[in-house]
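Note sheet for the following structure.
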Amino acid sequence: MASIIKKNPEEIKSEILNQLRSGPKTTTEIGEAINSNWLTIEKFLRELKDQGLVIELVSSPKMKVYRRTDDLAFYGLPFSESIRNKSCSLLFTIADKWQSETKTTPSRTMLQKIAVELIEKSDKQLNEIPILKFHYGQTLAVRYDESFKQEYKLLNLTSEQNILLLSLIEKYRKMSSGRAQIEQYKKEGMEFYYEKEANVIKGLCATNLKNIENNLLRLSIYYPVELENTFELFDKFIYCSIVLLNLSNEKDKQESLNKIKETFYLLWDTITTNYFFYDSEKHILPEKKELFNQIKSNILNSKIANLSSVIEDMESEVNSINPEKISKFDLEKSQEFLHELLED
């Protein structure tokens, strides 16, 4: 067994932070890596936590897991060091080229959209970088943070990749972030996102309640079947929303609209968080699957519990409505519209 070397507190804390740079780790993993006992590691992790430099991701009798507060991976997921480095390097490479070409700073949305398209249209070297679905469409596994620029080397792109990157910068520099999202959503496999952004969101901000109803029904056709965890809540939301939008009294319908809007944004956050974990799982190493599942459970279960409470309130309200206050003609029209969508 290797002897434990005496180190001063600042050295130990620096080594702990350096270990966490490659992703979340258990106290045991950190202790073995820097050759310190777990009591010492626990003590200094608590200090780093109090200083706001680390976050305790998992705390159980079997396992304690920490990550850096500034971890660039979304939710601090334990992606491999290779995925982290390549993803970050690509974002910094794009940002550097954007700044040199336009003399401006690109938004994070633009960087992610360009990165995704560059990977999709490039060769195997970049295809090793995962593309994941998240709140605003497809993204890399990491976020962009200018303050980390010195820690990542720019990628040596091929001449073809450089030409492609320049064309993408020219394309996206003329767009707003919202437009860039819509462009991505037009791709095959992104119909759920397109319907949400192009129709549902616009409809919720309009006054034609029948259009809102039809847009929600259309969105349900494109719900991703792989996201079983959140389907029941989505289905209940659609049903409750349609009933509330078909109330006979116009004032009651308008009052219900605000509740539908608020619940939809909460629902979308939960569904797309579920999507991110679903897509991420295939890129997690086997030895990190337990940690991944712990993080997923902590985050997703909390969101689902919060959403469930809100939708249960909607259900209670719907179940208490006198059937005579619901426009049956409109409900029949909704069913006809749904059947037409299914046939299409």
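Chain lettering (A, B, ...) mirrors the order of the structure tokens, residue numbering begins at 1 for each chain separately, and ligand numbering begins at 1 in order of display.
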
Do you have, as a tab-separated table, the list of residues of range 19-77 of chain A lying at most 12 Å from range 259-282 of chain A, each with its nearest atom pair and that distance in Å to one decimal, counting only C-alpha atoms and ordered by chain then number?
```
residue	atom	partner	partner_atom	distance
A:Ala73	CA	A:Ser280	CA	11.0
A:Phe74	CA	A:Phe276	CA	9.2
A:Tyr75	CA	A:Phe277	CA	9.7
A:Gly76	CA	A:Phe277	CA	11.7
A:Leu77	CA	A:Ser280	CA	8.5
```

message: Can you tell me which residues surround Ser167 in chain A at a distance of at most 12 Å, considering only C-alpha atoms, apart from same-chain residues fewer than 2 positions away, and format the answer as a PyMOL selection string?
response: chain A and resi 94+97-98+101+114+117-118+121+160-165+169-174

message: Using only C-alpha atoms, which protein or nucleic acid residues come within 8 Å of range 184-195 of chain A? Drop anything in the same chain fewer than 2 positions from it, and give the result as JSON, numbers by chain.
response: {"A": [113, 136, 137, 138, 180, 181, 182, 197, 198, 199, 200, 215, 218, 219, 222, 223, 224]}

Keeping only N, CA and C atoms, write those residues as a PDB file, in the first residue's frame.
```pdb
ATOM      1  N   LYS A 113     -26.121  25.202 -31.949  1.00  0.00           N
ATOM      2  CA  LYS A 113     -26.754  24.857 -33.224  1.00  0.00           C
ATOM      3  C   LYS A 113     -25.715  24.597 -34.306  1.00  0.00           C
ATOM      4  N   TYR A 136     -34.104  23.106 -25.628  1.00  0.00           N
ATOM      5  CA  TYR A 136     -34.257  23.902 -26.846  1.00  0.00           C
ATOM      6  C   TYR A 136     -33.753  23.167 -28.078  1.00  0.00           C
ATOM      7  N   GLY A 137     -33.961  21.872 -28.099  1.00  0.00           N
ATOM      8  CA  GLY A 137     -33.558  21.093 -29.255  1.00  0.00           C
ATOM      9  C   GLY A 137     -32.275  20.327 -29.022  1.00  0.00           C
ATOM     10  N   GLN A 138     -31.520  20.104 -30.097  1.00  0.00           N
ATOM     11  CA  GLN A 138     -30.295  19.320 -30.001  1.00  0.00           C
ATOM     12  C   GLN A 138     -29.129  20.165 -29.494  1.00  0.00           C
ATOM     13  N   ALA A 180     -32.901  30.265 -35.311  1.00  0.00           N
ATOM     14  CA  ALA A 180     -31.945  29.157 -35.366  1.00  0.00           C
ATOM     15  C   ALA A 180     -32.553  27.884 -34.797  1.00  0.00           C
ATOM     16  N   GLN A 181     -33.346  28.025 -33.744  1.00  0.00           N
ATOM     17  CA  GLN A 181     -34.016  26.869 -33.158  1.00  0.00           C
ATOM     18  C   GLN A 181     -35.006  26.269 -34.147  1.00  0.00           C
ATOM     19  N   ILE A 182     -35.831  27.135 -34.751  1.00  0.00           N
ATOM     20  CA  ILE A 182     -36.830  26.652 -35.701  1.00  0.00           C
ATOM     21  C   ILE A 182     -36.166  25.924 -36.877  1.00  0.00           C
ATOM     22  N   GLU A 197     -42.752  24.699 -30.823  1.00  0.00           N
ATOM     23  CA  GLU A 197     -42.258  26.060 -31.034  1.00  0.00           C
ATOM     24  C   GLU A 197     -43.075  26.818 -32.068  1.00  0.00           C
ATOM     25  N   ALA A 198     -43.389  26.170 -33.174  1.00  0.00           N
ATOM     26  CA  ALA A 198     -44.046  26.866 -34.288  1.00  0.00           C
ATOM     27  C   ALA A 198     -45.541  27.032 -34.087  1.00  0.00           C
ATOM     28  N   ASN A 199     -46.149  26.134 -33.330  1.00  0.00           N
ATOM     29  CA  ASN A 199     -47.608  26.180 -33.211  1.00  0.00           C
ATOM     30  C   ASN A 199     -48.121  26.336 -31.778  1.00  0.00           C
ATOM     31  N   VAL A 200     -47.678  25.480 -30.882  1.00  0.00           N
ATOM     32  CA  VAL A 200     -48.229  25.525 -29.515  1.00  0.00           C
ATOM     33  C   VAL A 200     -47.878  26.830 -28.807  1.00  0.00           C
ATOM     34  N   ASN A 215     -53.700  22.636 -31.808  1.00  0.00           N
ATOM     35  CA  ASN A 215     -52.241  22.544 -31.733  1.00  0.00           C
ATOM     36  C   ASN A 215     -51.793  21.551 -30.667  1.00  0.00           C
ATOM     37  N   ARG A 218     -52.364  18.125 -32.058  1.00  0.00           N
ATOM     38  CA  ARG A 218     -51.333  17.810 -33.053  1.00  0.00           C
ATOM     39  C   ARG A 218     -50.016  17.463 -32.361  1.00  0.00           C
ATOM     40  N   LEU A 219     -49.676  18.183 -31.309  1.00  0.00           N
ATOM     41  CA  LEU A 219     -48.447  17.913 -30.562  1.00  0.00           C
ATOM     42  C   LEU A 219     -48.460  16.497 -30.003  1.00  0.00           C
ATOM     43  N   TYR A 222     -47.002  13.654 -32.006  1.00  0.00           N
ATOM     44  CA  TYR A 222     -45.543  13.560 -32.141  1.00  0.00           C
ATOM     45  C   TYR A 222     -44.837  13.276 -30.815  1.00  0.00           C
ATOM     46  N   TYR A 223     -45.599  12.962 -29.783  1.00  0.00           N
ATOM     47  CA  TYR A 223     -44.935  12.683 -28.498  1.00  0.00           C
ATOM     48  C   TYR A 223     -43.950  11.520 -28.663  1.00  0.00           C
ATOM     49  N   PRO A 224     -42.697  11.661 -28.173  1.00  0.00           N
ATOM     50  CA  PRO A 224     -41.680  10.605 -28.332  1.00  0.00           C
ATOM     51  C   PRO A 224     -42.051   9.354 -27.523  1.00  0.00           C
TER      52      PRO A 224
END
```

message: Using DSSP assignments from the backbone, pull out every residue in range 38-168 of chain A that falls under strand (DSSP E or B) and give it to me as a list in words.
response: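 Going through range 38-168 of chain A, the strand (DSSP E or B) residues come out as Val54, Ile55, Glu56, Leu57, Val58, Ser59, Lys64, Val65, Tyr66, Arg67, Arg68, Ala73, Leu132, Lys133, Phe134, Gly137, Gln138, Thr139 and Val142 of chain A.
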
query: With only C-alpha atoms as the basis for distance, which of A:Glu183, A:Asp123, A:Asp313, A:Glu146 is at the shortest distance from Cys240 in chain A?
result: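 Among the listed residues, A:Asp313 lies closest to Cys240 in chain A.
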
task: Based on DSSP run over this structure's backbone, return all residues of range 137-323 of chain A in helix (DSSP H, G or I), as a PyMOL selection string.
output: chain A and resi 146-151+159-172+177-185+191-204+209-221+228-245+250-281+286-319+323

- request: Mind giving me the straight-line distance from CA of Thr104 in chain A to CA of Ser89 in chain A in Å, one decimal?
  value: 19.2 Å

query: Mind pulling up the distance from CA of Glu290 in chain A to CA of Pro61 in chain A?
result: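 Atom-to-atom, CA of Pro61 in chain A to CA of Glu290 in chain A, that is 14.6 Å.
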
message: Calculated over only C-alpha atoms, which of the candidates A:Leu244, A:Leu91, A:Thr158, A:Pro24 has the smallest distance to Ser316 in chain A?
response: A:Leu244

Skip range 37-53 of chain A itself and residues of its chain fewer than 3 positions away, then list as a PDB file with C-alpha atoms, in the first residue's frame all residues within 8 Å of it, counting only C-alpha atoms.
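Generated output (result.pdb):
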```pdb
ATOM      1  CA  ILE A   4       0.015   8.701   2.604  1.00  0.00           C
ATOM      2  CA  PRO A   9      -4.929  21.993   3.265  1.00  0.00           C
ATOM      3  CA  ILE A  12      -5.444  18.894  -0.864  1.00  0.00           C
ATOM      4  CA  LYS A  13      -8.303  21.183  -1.883  1.00  0.00           C
ATOM      5  CA  ILE A  16      -9.684  17.605  -5.139  1.00  0.00           C
ATOM      6  CA  THR A  27     -15.186  10.453  -1.996  1.00  0.00           C
ATOM      7  CA  THR A  28     -13.506   7.048  -2.327  1.00  0.00           C
ATOM      8  CA  ILE A  30     -11.010  11.131  -4.952  1.00  0.00           C
ATOM      9  CA  GLY A  31      -9.168   9.684  -1.943  1.00  0.00           C
ATOM     10  CA  GLU A  32      -7.573   6.918  -4.002  1.00  0.00           C
ATOM     11  CA  GLU A  56     -22.914  17.317  -3.313  1.00  0.00           C
ATOM     12  CA  ARG A  68     -17.476  21.142  -9.244  1.00  0.00           C
ATOM     13  CA  THR A  69     -19.957  24.009  -9.241  1.00  0.00           C
ATOM     14  CA  ASP A  70     -18.566  25.134 -12.588  1.00  0.00           C
TER      15      ASP A  70
END
```

task: Kindly give the distance, in Å, that separates CA of Thr102 in chain A and CA of Lys133 in chain A, rounded to a single decimal.
output: 28.3 Å

- prompt: Neighbours of Leu247 in chain A within 9 Å (only C-alpha atoms; same-chain residues fewer than 5 positions away dropped), as a PyMOL selection string?
  reply: chain A and resi 242+252-253+325-327

Best match for closeness to Leu257 in chain A among A:Leu245, A:Leu126, A:Ile284, A:Leu217, counting only C-alpha atoms: A:Leu245
